[in-house]
Amino acid sequence: MEAGGLPLELWRMILAYLPLPDLGRCSLVCRAWRELILSLDRTRWRQLYLGCAECRHPNWPNQPDVEPESWREAFKQHYLASKTWTKNAAILETSVCFSLFRRRRTRRTLSVGPGHEFHSLGSALAMSSLFDRILLFPGLHEEQGEIILKVPVEIVGHGKLGEVALLASIDQQCSTTRLCNLVFMPAWFSPFMFKTTSGHVQFDNCNFENGHIQVHGPGTCQVKFCSFKNTHVFLHNVPLCVLENCEFVGSENNSVTVEGHPSSENNWAYTHLLGLIRSSPGVLPTEDSDSLMSLDLESRDQAWSPRTCGIVIEGSQSPTSLATGSPTAGSQEAEVGSNGERVARTPDSSDGGLSPSGEDEDEDQLTYRLSYQVQGPRPVLGGSFLGPPLPGASIQLPSCLVLNSLQQELQKDREAMALASSVQGCLIRKCLFRDGKGGVFVCSYGRAKMEGNIFRNLTYAVRCIHNSKIIMLRNHIHHCRASGIFLRLEGGGLIAGNNICHNAEAGVDIRKKSNPLILCNQIHHGLRSGIVVLGNGKGIIRNNQIFSNKEAGIYILYHGNPVVSRNHIFKGHAAGIAVNENGRGLITANKGCGVWMMASSLPHVTSNHVSYNGLYGVAVFSQKDGSGEFPGGHGGQENFSEDGDAILWETELEKDDNPLRRPITVALVESNSVNHNGASGLYIQSSEALHIVNNVIHANRVRGITVAQSSQLTRVANNSISCNRQSGVKIEAQCKVELQGNGIYDNRGHGIITKGDSTVMENDIIGNRGSGLQLLPMSDTKVIKNRIHSFRASGIAVQGHAKALVQDNTIFQGRTNKTIFQQSSNNQECIIQNNRFLVFKKSDTWRLTNPPARPHLENSLRGPSAAHGGQKVTAMATRITAHVEGGYHSKRSIFCTIL
């Protein structure tokens, strides 16, 4: 093409009139002409594609309004598809039985219909040779007997789709067949429209109505751009079958059944299909396109630089200077009269909280202030998590809390990558399943892979049972009348990158020894739970976003035993994770709403970030006799049967050889960050032993820890309990609690309130607004080797007839007009000995040294376990003035954090 020739726009207009063969010849002239032909993608190539009666829109049926990346490439793929069914020509030519019927260079076209060469399909087949083309003209073609295909042929409907209807039962007994542009309906004598046991069949642009299709291994099939109305596709022991861009509507049972282990015997088409799958663009994510898990969660590293300070007296600071201001030793304490005091009253023994006027007080006066160094678990409370979210602000998380993309997870998990890349059995890709009973049913060691499909308005989307395996990548499953994905009887596989929402039952239901890998999904707005694991179900649930479900985000019950790690669980209407009816498992590193443990659960709850829930952060309701009532509607018996009927599950515990799990001998809450929840951070109402170890419990709207019932020992060790709206720890009557090695700082009520049988040993109870310890009548408490300082009240206050041993403590004086130790009556059962009382002087600077401020992770009491992963992080925690506005969030859990 000369530079001084016609403008490119005029060339494009001229070339737009050329037929397909001429376009091909022009593209061979030179590079400039080839580029010119390629530039006609949105004009001539689009016209050629849509003008072909055998073609549907390349993105049908899921996205028919979205144009493909290249119309020319879509047209090329359709053209090649009409040829690929003949790939076994070389095999046929060397076959003895076909030696007399060698393939000719030109195929015949046999016409069937009124006024044409043949009056029926059967008569045309009787005269056909290898790879002949049988053309059915518009009309209704009904066959009265079964048609047996003994030679490879191509059967094509002439005209628009819907003008050629074929009522027949076809049994393929040859190596390959192609059927295109037909409407299939079953014959009067059989519901099977098509079946094969060994050959390869290719369906293109066909409609199937009210019948069955069956392919039995080593037979294979390739189905593209077909519509199935109330039609069931049976795939038995198939080594490989491909269903692409198909629509399944109105099924009375399952739309597709994949049954049996893939056959080890393969026909000629197996290698061809495998190469076709690997060469065609799939839906595996790329680093650029993977945005499923983003949700505006930006990675931003936090710089935590710990500082070491002692207990000092300093002047007030504005809220904006809290993060950067340093304490000033020797500052004057403000003298405020009793009638003009604007601080909260000293909390009484029954509540331990502040008056309404005290909750919103301004920090504009000189007060005692505490700065200290705290070692806490991972994830830790960084500066960005100490305040409430701003209205309308996007959620931005530090890097330790941001979920990985699916591509990142696959790159670092070789097993998951191998599963995602494998193809075996049936591949279902870019299909639409709607308005029927079932989508895909995989059973009896079947194998199926589903990519980029839509399942909507079904009873269920996918069922996987009897040792079968499924691989589900980037499907959209919504508005199912039961569970979206259902696994039972040792089903498994990979469920990754899917959007599962608005289902009437669970998004994913795992039962009876099923053990899938559930990775990087969005599971949200379910009418019940996001994921349920029950009946000895297992599984690995990792890196998912589970939100806005009406019941628990993850519900573990009836001996369910999954490994749950690094999920975002938020905005739920009930618990984030609920463990009930002997459910157990290892629950690690979730971010979001609360954890509920019920009915002899004995789980390990480790390394979670639990924040901004309407009620408790972590609640334990364990009643062996089953008589306990659970507040908030979280504890009722749930019905998780397949068809809505109650099911009695096995009671035996399965042997667990997973190296990630530790022996479950006691319920454990370890290395969690529990902050800004609407009620207590931890609420315990249990008849079983519980260990609470190495947690950060911060800024909850009621108490840090409430022990309402504890007939067995509850051990609270090496926790940081700070800035909670009421007391740090409250222990009700007849409870057995041991507190050791904790740091209980800056709570707005008392540090510890106890009515029960408790041991308080080697804790730092510092800077609380009420008394450091409040010992109530009928309590029996041992207070040994603690450091205690009260903000405005006494270090230790003994109310009424309480039994106590107060020994070897260091007690700092709070306000100068308060006593260090207060006793309401002469109690002979209160023994006080070998304590050190430090009265404040303006020249004093008190520091927490020898040992430094608690908790000490390196010397922690870990009970039956070690710290998860051996991780240890140092963080700085200080008092703040921000708080969450309003009360409970309409009984919902809300996750929100800002930087």
# chains A, B, ... in the order shown; residues from 1 in each chain; ligands from 1
$ select_by_dssp --residues "range 128-231 of chain A" --states "strand (DSSP E or B)" --output "count of residues only"
58
$ residues_around --residues "range 168-185 of chain A" --least-positions-apart "2" --cutoff "7 Å" --atoms "only C-alpha atoms" --output "mmCIF file with all heavy atoms, in the first residue's frame"
data_model
loop_
_atom_site.group_PDB
_atom_site.id
_atom_site.type_symbol
_atom_site.label_atom_id
_atom_site.label_comp_id
_atom_site.auth_asym_id
_atom_site.auth_seq_id
_atom_site.Cartn_x
_atom_site.Cartn_y
_atom_site.Cartn_z
ATOM 1 N N GLU A 54 -25.226 -20.348 12.218
ATOM 2 C CA GLU A 54 -24.763 -21.322 13.193
ATOM 3 C C GLU A 54 -24.078 -20.669 14.391
ATOM 4 O O GLU A 54 -23.621 -21.373 15.300
ATOM 5 C CB GLU A 54 -23.783 -22.285 12.525
ATOM 6 C CG GLU A 54 -24.422 -23.080 11.386
ATOM 7 C CD GLU A 54 -23.427 -23.985 10.697
ATOM 8 O OE1 GLU A 54 -22.265 -24.029 11.171
ATOM 9 O OE2 GLU A 54 -23.792 -24.638 9.710
ATOM 10 N N TRP A 85 -13.994 -31.924 14.763
ATOM 11 C CA TRP A 85 -14.561 -33.245 14.988
ATOM 12 C C TRP A 85 -13.998 -34.287 14.027
ATOM 13 O O TRP A 85 -14.175 -35.497 14.220
ATOM 14 C CB TRP A 85 -16.077 -33.199 14.880
ATOM 15 C CG TRP A 85 -16.568 -32.923 13.476
ATOM 16 C CD1 TRP A 85 -16.578 -31.727 12.848
ATOM 17 C CD2 TRP A 85 -17.128 -33.874 12.571
ATOM 18 N NE1 TRP A 85 -17.104 -31.860 11.589
ATOM 19 C CE2 TRP A 85 -17.452 -33.158 11.394
ATOM 20 C CE3 TRP A 85 -17.387 -35.242 12.622
ATOM 21 C CZ2 TRP A 85 -18.028 -33.780 10.276
ATOM 22 C CZ3 TRP A 85 -17.950 -35.855 11.522
ATOM 23 C CH2 TRP A 85 -18.277 -35.139 10.355
ATOM 24 N N GLU A 142 -39.357 -36.352 12.261
ATOM 25 C CA GLU A 142 -39.626 -37.328 13.319
ATOM 26 C C GLU A 142 -39.243 -38.718 12.846
ATOM 27 O O GLU A 142 -39.628 -39.157 11.752
ATOM 28 C CB GLU A 142 -41.114 -37.298 13.697
ATOM 29 C CG GLU A 142 -41.442 -38.232 14.845
ATOM 30 C CD GLU A 142 -42.883 -38.100 15.306
ATOM 31 O OE1 GLU A 142 -43.640 -37.354 14.638
ATOM 32 O OE2 GLU A 142 -43.243 -38.731 16.317
ATOM 33 N N GLU A 143 -38.475 -39.397 13.662
ATOM 34 C CA GLU A 143 -38.031 -40.746 13.354
ATOM 35 C C GLU A 143 -38.784 -41.731 14.240
ATOM 36 O O GLU A 143 -38.844 -41.557 15.468
ATOM 37 C CB GLU A 143 -36.522 -40.875 13.584
ATOM 38 C CG GLU A 143 -35.680 -39.944 12.723
ATOM 39 C CD GLU A 143 -35.765 -40.277 11.244
ATOM 40 O OE1 GLU A 143 -35.958 -41.474 10.911
ATOM 41 O OE2 GLU A 143 -35.662 -39.347 10.408
ATOM 42 N N GLU A 146 -35.184 -46.125 16.538
ATOM 43 C CA GLU A 146 -33.889 -45.638 16.992
ATOM 44 C C GLU A 146 -32.919 -45.543 15.835
ATOM 45 O O GLU A 146 -32.811 -46.459 15.015
ATOM 46 C CB GLU A 146 -33.337 -46.556 18.074
ATOM 47 C CG GLU A 146 -32.057 -46.045 18.705
ATOM 48 C CD GLU A 146 -31.533 -46.960 19.809
ATOM 49 O OE1 GLU A 146 -31.405 -48.174 19.538
ATOM 50 O OE2 GLU A 146 -31.272 -46.463 20.920
ATOM 51 N N ILE A 147 -32.192 -44.432 15.797
ATOM 52 C CA ILE A 147 -31.184 -44.211 14.764
ATOM 53 C C ILE A 147 -29.825 -44.594 15.324
ATOM 54 O O ILE A 147 -29.435 -44.111 16.392
ATOM 55 C CB ILE A 147 -31.189 -42.746 14.301
ATOM 56 C CG1 ILE A 147 -32.502 -42.424 13.584
ATOM 57 C CG2 ILE A 147 -29.998 -42.468 13.393
ATOM 58 C CD1 ILE A 147 -32.615 -40.993 13.147
ATOM 59 N N ILE A 148 -29.115 -45.441 14.582
ATOM 60 C CA ILE A 148 -27.778 -45.866 14.998
ATOM 61 C C ILE A 148 -26.769 -45.292 14.023
ATOM 62 O O ILE A 148 -26.850 -45.548 12.809
ATOM 63 C CB ILE A 148 -27.679 -47.402 15.030
ATOM 64 C CG1 ILE A 148 -28.678 -47.969 16.048
ATOM 65 C CG2 ILE A 148 -26.255 -47.831 15.405
ATOM 66 C CD1 ILE A 148 -28.689 -49.480 16.111
ATOM 67 N N LEU A 149 -25.855 -44.492 14.555
ATOM 68 C CA LEU A 149 -24.804 -43.893 13.725
ATOM 69 C C LEU A 149 -23.609 -44.832 13.700
ATOM 70 O O LEU A 149 -22.964 -45.042 14.735
ATOM 71 C CB LEU A 149 -24.392 -42.526 14.286
ATOM 72 C CG LEU A 149 -25.480 -41.450 14.364
ATOM 73 C CD1 LEU A 149 -24.905 -40.166 14.953
ATOM 74 C CD2 LEU A 149 -26.075 -41.173 12.988
ATOM 75 N N LYS A 150 -23.312 -45.377 12.510
ATOM 76 C CA LYS A 150 -22.208 -46.318 12.377
ATOM 77 C C LYS A 150 -21.026 -45.741 11.624
ATOM 78 O O LYS A 150 -19.946 -46.350 11.617
ATOM 79 C CB LYS A 150 -22.696 -47.594 11.670
ATOM 80 C CG LYS A 150 -23.730 -48.363 12.498
ATOM 81 C CD LYS A 150 -24.089 -49.685 11.853
ATOM 82 C CE LYS A 150 -25.063 -50.477 12.726
ATOM 83 N NZ LYS A 150 -25.430 -51.790 12.143
ATOM 84 N N VAL A 151 -21.200 -44.597 10.980
ATOM 85 C CA VAL A 151 -20.095 -43.923 10.299
ATOM 86 C C VAL A 151 -20.095 -42.461 10.724
ATOM 87 O O VAL A 151 -21.142 -41.885 11.030
ATOM 88 C CB VAL A 151 -20.209 -44.033 8.758
ATOM 89 C CG1 VAL A 151 -20.073 -45.465 8.307
ATOM 90 C CG2 VAL A 151 -21.524 -43.424 8.278
ATOM 91 N N PRO A 152 -18.920 -41.819 10.785
ATOM 92 C CA PRO A 152 -18.869 -40.403 11.169
ATOM 93 C C PRO A 152 -19.584 -39.524 10.162
ATOM 94 O O PRO A 152 -19.301 -39.592 8.953
ATOM 95 C CB PRO A 152 -17.366 -40.101 11.206
ATOM 96 C CG PRO A 152 -16.696 -41.420 11.287
ATOM 97 C CD PRO A 152 -17.583 -42.380 10.564
ATOM 98 N N VAL A 153 -20.507 -38.707 10.648
ATOM 99 C CA VAL A 153 -21.247 -37.781 9.792
ATOM 100 C C VAL A 153 -21.433 -36.457 10.520
ATOM 101 O O VAL A 153 -21.238 -36.361 11.741
ATOM 102 C CB VAL A 153 -22.624 -38.346 9.388
ATOM 103 C CG1 VAL A 153 -22.472 -39.542 8.472
ATOM 104 C CG2 VAL A 153 -23.436 -38.691 10.630
ATOM 105 N N GLU A 154 -21.835 -35.461 9.773
ATOM 106 C CA GLU A 154 -22.174 -34.146 10.315
ATOM 107 C C GLU A 154 -23.619 -33.863 9.962
ATOM 108 O O GLU A 154 -23.984 -33.871 8.784
ATOM 109 C CB GLU A 154 -21.249 -33.090 9.728
ATOM 110 C CG GLU A 154 -21.506 -31.688 10.271
ATOM 111 C CD GLU A 154 -20.571 -30.646 9.652
ATOM 112 O OE1 GLU A 154 -20.156 -30.847 8.498
ATOM 113 O OE2 GLU A 154 -20.271 -29.651 10.330
ATOM 114 N N ILE A 155 -24.449 -33.600 10.974
ATOM 115 C CA ILE A 155 -25.868 -33.338 10.777
ATOM 116 C C ILE A 155 -26.121 -31.885 11.147
ATOM 117 O O ILE A 155 -25.923 -31.484 12.300
ATOM 118 C CB ILE A 155 -26.735 -34.279 11.626
ATOM 119 C CG1 ILE A 155 -26.386 -35.750 11.326
ATOM 120 C CG2 ILE A 155 -28.211 -34.021 11.385
ATOM 121 C CD1 ILE A 155 -27.097 -36.740 12.224
ATOM 122 N N VAL A 156 -26.586 -31.077 10.166
ATOM 123 C CA VAL A 156 -26.708 -29.633 10.341
ATOM 124 C C VAL A 156 -28.103 -29.190 9.928
ATOM 125 O O VAL A 156 -28.638 -29.633 8.903
ATOM 126 C CB VAL A 156 -25.655 -28.880 9.497
ATOM 127 C CG1 VAL A 156 -25.782 -27.372 9.700
ATOM 128 C CG2 VAL A 156 -24.256 -29.351 9.846
ATOM 129 N N GLY A 157 -28.708 -28.318 10.732
ATOM 130 C CA GLY A 157 -29.974 -27.721 10.361
ATOM 131 C C GLY A 157 -29.766 -26.505 9.469
ATOM 132 O O GLY A 157 -28.881 -25.681 9.724
ATOM 133 N N LEU A 161 -31.871 -20.969 13.843
ATOM 134 C CA LEU A 161 -32.080 -21.908 14.930
ATOM 135 C C LEU A 161 -33.548 -21.866 15.352
ATOM 136 O O LEU A 161 -34.117 -20.797 15.605
ATOM 137 C CB LEU A 161 -31.189 -21.570 16.120
ATOM 138 C CG LEU A 161 -31.337 -22.468 17.342
ATOM 139 C CD1 LEU A 161 -30.956 -23.909 17.011
ATOM 140 C CD2 LEU A 161 -30.490 -21.961 18.498
ATOM 141 N N GLY A 162 -34.153 -23.037 15.428
ATOM 142 C CA GLY A 162 -35.567 -23.157 15.775
ATOM 143 C C GLY A 162 -36.429 -23.555 14.607
ATOM 144 O O GLY A 162 -37.570 -23.989 14.792
ATOM 145 N N VAL A 164 -35.575 -25.963 12.426
ATOM 146 C CA VAL A 164 -35.392 -27.387 12.155
ATOM 147 C C VAL A 164 -35.508 -28.144 13.465
ATOM 148 O O VAL A 164 -34.675 -27.969 14.372
ATOM 149 C CB VAL A 164 -34.026 -27.671 11.502
ATOM 150 C CG1 VAL A 164 -33.891 -29.169 11.214
ATOM 151 C CG2 VAL A 164 -33.864 -26.864 10.224
ATOM 152 N N ALA A 165 -36.554 -28.976 13.601
ATOM 153 C CA ALA A 165 -36.769 -29.768 14.810
ATOM 154 C C ALA A 165 -36.603 -31.243 14.479
ATOM 155 O O ALA A 165 -37.104 -31.722 13.455
ATOM 156 C CB ALA A 165 -38.160 -29.510 15.379
ATOM 157 N N LEU A 166 -35.895 -31.947 15.367
ATOM 158 C CA LEU A 166 -35.622 -33.363 15.167
ATOM 159 C C LEU A 166 -36.124 -34.140 16.376
ATOM 160 O O LEU A 166 -35.628 -33.958 17.491
ATOM 161 C CB LEU A 166 -34.121 -33.594 14.969
ATOM 162 C CG LEU A 166 -33.663 -35.044 14.797
ATOM 163 C CD1 LEU A 166 -34.297 -35.673 13.554
ATOM 164 C CD2 LEU A 166 -32.141 -35.116 14.707
ATOM 165 N N ALA A 187 -38.038 -38.859 21.009
ATOM 166 C CA ALA A 187 -39.032 -39.627 20.276
ATOM 167 C C ALA A 187 -40.076 -40.171 21.244
ATOM 168 O O ALA A 187 -39.891 -40.187 22.457
ATOM 169 C CB ALA A 187 -38.349 -40.770 19.515
ATOM 170 N N SER A 190 -38.738 -43.196 23.661
ATOM 171 C CA SER A 190 -37.574 -43.144 24.548
ATOM 172 C C SER A 190 -37.302 -41.715 24.993
ATOM 173 O O SER A 190 -37.400 -40.788 24.170
ATOM 174 C CB SER A 190 -36.341 -43.717 23.839
ATOM 175 O OG SER A 190 -35.181 -43.538 24.636
ATOM 176 N N PHE A 192 -34.356 -40.696 25.789
ATOM 177 C CA PHE A 192 -32.982 -40.374 25.401
ATOM 178 C C PHE A 192 -32.962 -39.831 23.982
ATOM 179 O O PHE A 192 -33.352 -40.505 23.020
ATOM 180 C CB PHE A 192 -32.087 -41.613 25.504
ATOM 181 C CG PHE A 192 -31.721 -41.972 26.912
ATOM 182 C CD1 PHE A 192 -32.479 -42.887 27.628
ATOM 183 C CD2 PHE A 192 -30.633 -41.371 27.530
ATOM 184 C CE1 PHE A 192 -32.158 -43.208 28.931
ATOM 185 C CE2 PHE A 192 -30.296 -41.689 28.838
ATOM 186 C CZ PHE A 192 -31.065 -42.606 29.543
ATOM 187 N N MET A 193 -32.488 -38.613 23.849
ATOM 188 C CA MET A 193 -32.348 -38.006 22.534
ATOM 189 C C MET A 193 -31.039 -38.396 21.866
ATOM 190 O O MET A 193 -30.967 -38.506 20.639
ATOM 191 C CB MET A 193 -32.438 -36.485 22.655
ATOM 192 C CG MET A 193 -33.794 -36.000 23.145
ATOM 193 S SD MET A 193 -33.884 -34.205 23.340
ATOM 194 C CE MET A 193 -32.903 -33.993 24.818
ATOM 195 N N PHE A 194 -29.987 -38.596 22.706
ATOM 196 C CA PHE A 194 -28.685 -38.948 22.137
ATOM 197 C C PHE A 194 -27.890 -39.698 23.196
ATOM 198 O O PHE A 194 -27.929 -39.338 24.375
ATOM 199 C CB PHE A 194 -27.915 -37.698 21.706
ATOM 200 C CG PHE A 194 -26.700 -37.998 20.882
ATOM 201 C CD1 PHE A 194 -26.765 -37.980 19.497
ATOM 202 C CD2 PHE A 194 -25.482 -38.317 21.466
ATOM 203 C CE1 PHE A 194 -25.653 -38.265 18.730
ATOM 204 C CE2 PHE A 194 -24.373 -38.610 20.716
ATOM 205 C CZ PHE A 194 -24.450 -38.585 19.333
ATOM 206 N N LYS A 195 -27.153 -40.725 22.781
ATOM 207 C CA LYS A 195 -26.266 -41.431 23.700
ATOM 208 C C LYS A 195 -25.109 -42.034 22.915
ATOM 209 O O LYS A 195 -25.244 -42.374 21.729
ATOM 210 C CB LYS A 195 -27.019 -42.510 24.468
ATOM 211 C CG LYS A 195 -27.682 -43.578 23.609
ATOM 212 C CD LYS A 195 -28.466 -44.549 24.476
ATOM 213 C CE LYS A 195 -29.209 -45.584 23.624
ATOM 214 N NZ LYS A 195 -29.990 -46.536 24.448
ATOM 215 N N THR A 196 -23.993 -42.145 23.593
ATOM 216 C CA THR A 196 -22.815 -42.798 23.026
ATOM 217 C C THR A 196 -22.024 -43.430 24.158
ATOM 218 O O THR A 196 -22.053 -42.946 25.302
ATOM 219 C CB THR A 196 -21.936 -41.807 22.252
ATOM 220 O OG1 THR A 196 -20.840 -42.506 21.666
ATOM 221 C CG2 THR A 196 -21.389 -40.727 23.167
ATOM 222 N N GLY A 199 -17.621 -43.086 21.394
ATOM 223 C CA GLY A 199 -17.181 -42.084 20.431
ATOM 224 C C GLY A 199 -17.168 -40.676 20.983
ATOM 225 O O GLY A 199 -17.477 -40.423 22.150
ATOM 226 N N HIS A 200 -16.806 -39.745 20.092
ATOM 227 C CA HIS A 200 -16.783 -38.323 20.424
ATOM 228 C C HIS A 200 -17.900 -37.633 19.664
ATOM 229 O O HIS A 200 -18.043 -37.806 18.450
ATOM 230 C CB HIS A 200 -15.444 -37.711 20.027
ATOM 231 C CG HIS A 200 -15.399 -36.221 20.161
ATOM 232 N ND1 HIS A 200 -15.434 -35.588 21.380
ATOM 233 C CD2 HIS A 200 -15.351 -35.231 19.214
ATOM 234 C CE1 HIS A 200 -15.383 -34.269 21.191
ATOM 235 N NE2 HIS A 200 -15.333 -34.039 19.883
ATOM 236 N N VAL A 201 -18.687 -36.843 20.385
ATOM 237 C CA VAL A 201 -19.774 -36.108 19.761
ATOM 238 C C VAL A 201 -19.577 -34.625 20.013
ATOM 239 O O VAL A 201 -19.157 -34.221 21.105
ATOM 240 C CB VAL A 201 -21.146 -36.582 20.281
ATOM 241 C CG1 VAL A 201 -21.269 -36.398 21.787
ATOM 242 C CG2 VAL A 201 -22.278 -35.854 19.564
ATOM 243 N N GLN A 202 -19.900 -33.825 19.002
ATOM 244 C CA GLN A 202 -19.772 -32.373 19.121
ATOM 245 C C GLN A 202 -21.114 -31.739 18.785
ATOM 246 O O GLN A 202 -21.653 -31.936 17.692
ATOM 247 C CB GLN A 202 -18.694 -31.866 18.159
ATOM 248 C CG GLN A 202 -18.473 -30.361 18.229
ATOM 249 C CD GLN A 202 -17.306 -29.916 17.352
ATOM 250 O OE1 GLN A 202 -16.319 -30.637 17.208
ATOM 251 N NE2 GLN A 202 -17.430 -28.747 16.767
ATOM 252 N N PHE A 203 -21.662 -30.996 19.779
ATOM 253 C CA PHE A 203 -22.909 -30.258 19.584
ATOM 254 C C PHE A 203 -22.591 -28.773 19.497
ATOM 255 O O PHE A 203 -21.944 -28.226 20.394
ATOM 256 C CB PHE A 203 -23.867 -30.494 20.759
ATOM 257 C CG PHE A 203 -24.371 -31.905 20.883
ATOM 258 C CD1 PHE A 203 -23.863 -32.753 21.852
ATOM 259 C CD2 PHE A 203 -25.354 -32.382 20.033
ATOM 260 C CE1 PHE A 203 -24.322 -34.050 21.986
ATOM 261 C CE2 PHE A 203 -25.824 -33.691 20.163
ATOM 262 C CZ PHE A 203 -25.310 -34.526 21.138
ATOM 263 N N ASP A 204 -23.066 -28.119 18.442
ATOM 264 C CA ASP A 204 -22.880 -26.678 18.287
ATOM 265 C C ASP A 204 -24.219 -26.022 18.012
ATOM 266 O O ASP A 204 -24.948 -26.423 17.085
ATOM 267 C CB ASP A 204 -21.925 -26.368 17.126
ATOM 268 C CG ASP A 204 -20.497 -26.800 17.411
ATOM 269 O OD1 ASP A 204 -20.041 -26.598 18.540
ATOM 270 O OD2 ASP A 204 -19.849 -27.359 16.504
ATOM 271 N N ASN A 205 -24.570 -25.013 18.821
ATOM 272 C CA ASN A 205 -25.736 -24.176 18.562
ATOM 273 C C ASN A 205 -27.008 -24.993 18.389
ATOM 274 O O ASN A 205 -27.735 -24.852 17.414
ATOM 275 C CB ASN A 205 -25.492 -23.314 17.314
ATOM 276 C CG ASN A 205 -26.441 -22.122 17.249
ATOM 277 O OD1 ASN A 205 -26.670 -21.447 18.231
ATOM 278 N ND2 ASN A 205 -27.015 -21.890 16.076
ATOM 279 N N CYS A 206 -27.273 -25.834 19.374
ATOM 280 C CA CYS A 206 -28.475 -26.659 19.347
ATOM 281 C C CYS A 206 -29.350 -26.348 20.556
ATOM 282 O O CYS A 206 -28.872 -25.848 21.586
ATOM 283 C CB CYS A 206 -28.115 -28.147 19.356
ATOM 284 S SG CYS A 206 -27.272 -28.722 17.866
ATOM 285 N N ASN A 207 -30.637 -26.677 20.427
ATOM 286 C CA ASN A 207 -31.567 -26.610 21.546
ATOM 287 C C ASN A 207 -32.043 -28.025 21.866
ATOM 288 O O ASN A 207 -32.383 -28.785 20.954
ATOM 289 C CB ASN A 207 -32.780 -25.731 21.205
ATOM 290 C CG ASN A 207 -32.441 -24.267 21.174
ATOM 291 O OD1 ASN A 207 -31.320 -23.871 21.456
ATOM 292 N ND2 ASN A 207 -33.413 -23.432 20.816
ATOM 293 N N PHE A 208 -32.071 -28.349 23.172
ATOM 294 C CA PHE A 208 -32.541 -29.653 23.619
ATOM 295 C C PHE A 208 -33.720 -29.433 24.563
ATOM 296 O O PHE A 208 -33.632 -28.632 25.490
ATOM 297 C CB PHE A 208 -31.432 -30.419 24.338
ATOM 298 C CG PHE A 208 -30.239 -30.707 23.472
ATOM 299 C CD1 PHE A 208 -29.211 -29.787 23.355
ATOM 300 C CD2 PHE A 208 -30.151 -31.907 22.779
ATOM 301 C CE1 PHE A 208 -28.110 -30.058 22.559
ATOM 302 C CE2 PHE A 208 -29.051 -32.180 21.979
ATOM 303 C CZ PHE A 208 -28.027 -31.261 21.864
ATOM 304 N N GLU A 209 -34.798 -30.163 24.339
ATOM 305 C CA GLU A 209 -36.013 -29.946 25.121
ATOM 306 C C GLU A 209 -36.563 -31.270 25.629
ATOM 307 O O GLU A 209 -36.768 -32.214 24.863
ATOM 308 C CB GLU A 209 -37.082 -29.231 24.280
ATOM 309 C CG GLU A 209 -36.666 -27.853 23.804
ATOM 310 C CD GLU A 209 -37.746 -27.175 22.965
ATOM 311 O OE1 GLU A 209 -38.840 -27.780 22.828
ATOM 312 O OE2 GLU A 209 -37.501 -26.059 22.471
ATOM 313 N N ASN A 210 -36.760 -31.334 26.974
ATOM 314 C CA ASN A 210 -37.553 -32.377 27.630
ATOM 315 C C ASN A 210 -37.045 -33.792 27.368
ATOM 316 O O ASN A 210 -37.815 -34.702 27.069
ATOM 317 C CB ASN A 210 -39.026 -32.283 27.188
ATOM 318 C CG ASN A 210 -39.627 -30.921 27.438
ATOM 319 O OD1 ASN A 210 -39.517 -30.389 28.542
ATOM 320 N ND2 ASN A 210 -40.236 -30.341 26.415
ATOM 321 N N GLY A 211 -35.746 -33.977 27.487
ATOM 322 C CA GLY A 211 -35.215 -35.317 27.298
ATOM 323 C C GLY A 211 -33.897 -35.510 28.011
ATOM 324 O O GLY A 211 -33.516 -34.737 28.896
#
$ atom_distance --atom1 "CA of Gly438 in chain A" --atom2 "CA of Asn254 in chain A"
4.3 Å
$ atom_distance --atom1 "CA of His476 in chain A" --atom2 "CA of Lys229 in chain A"
20.5 Å
$ residues_around --residues "Ser758 in chain A" --least-positions-apart "4" --cutoff "9 Å" --atoms "only C-alpha atoms" --output "list in words"
Ile731, Cys735, Lys736, Val737, Glu738, Leu739, Thr754, Ser779, Asp780, Thr781, Lys782 and Val783 of chain A
$ closest_residue --among "A:Ile500, A:Trp45, A:Gln712, A:Ser468" --to "Ser687 in chain A" --atoms "only C-alpha atoms"
A:Gln712
$ residues_around --residues "range 456-460 of chain A" --least-positions-apart "6" --cutoff "7 Å" --atoms "only C-alpha atoms" --output "list in words"
Phe433, Arg434, Asp435, Gly436, Lys437, Gly438, Gly439, Ile477, His478, His479, Cys480, Arg481, Ala482, Ser483, Gly484 and Ile485 of chain A
$ atom_distance --atom1 "CA of His261 in chain A" --atom2 "CA of Gly452 in chain A"
23.7 Å
$ closest_atom_pairs --of "range 167-279 of chain A" --to "range 62-65 of chain A" --cutoff "10 Å" --atoms "only C-alpha atoms" --output "tab-separated table"
residue	atom	partner	partner_atom	distance
A:Asn245	CA	A:Asn62	CA	7.8
A:Cys246	CA	A:Asn62	CA	9.0
A:Glu247	CA	A:Asn62	CA	8.6
$ closest_residue --among "A:Ile765, A:Ala418, A:Val620, A:Val806" --to "His691 in chain A" --atoms "only C-alpha atoms"
A:Val620
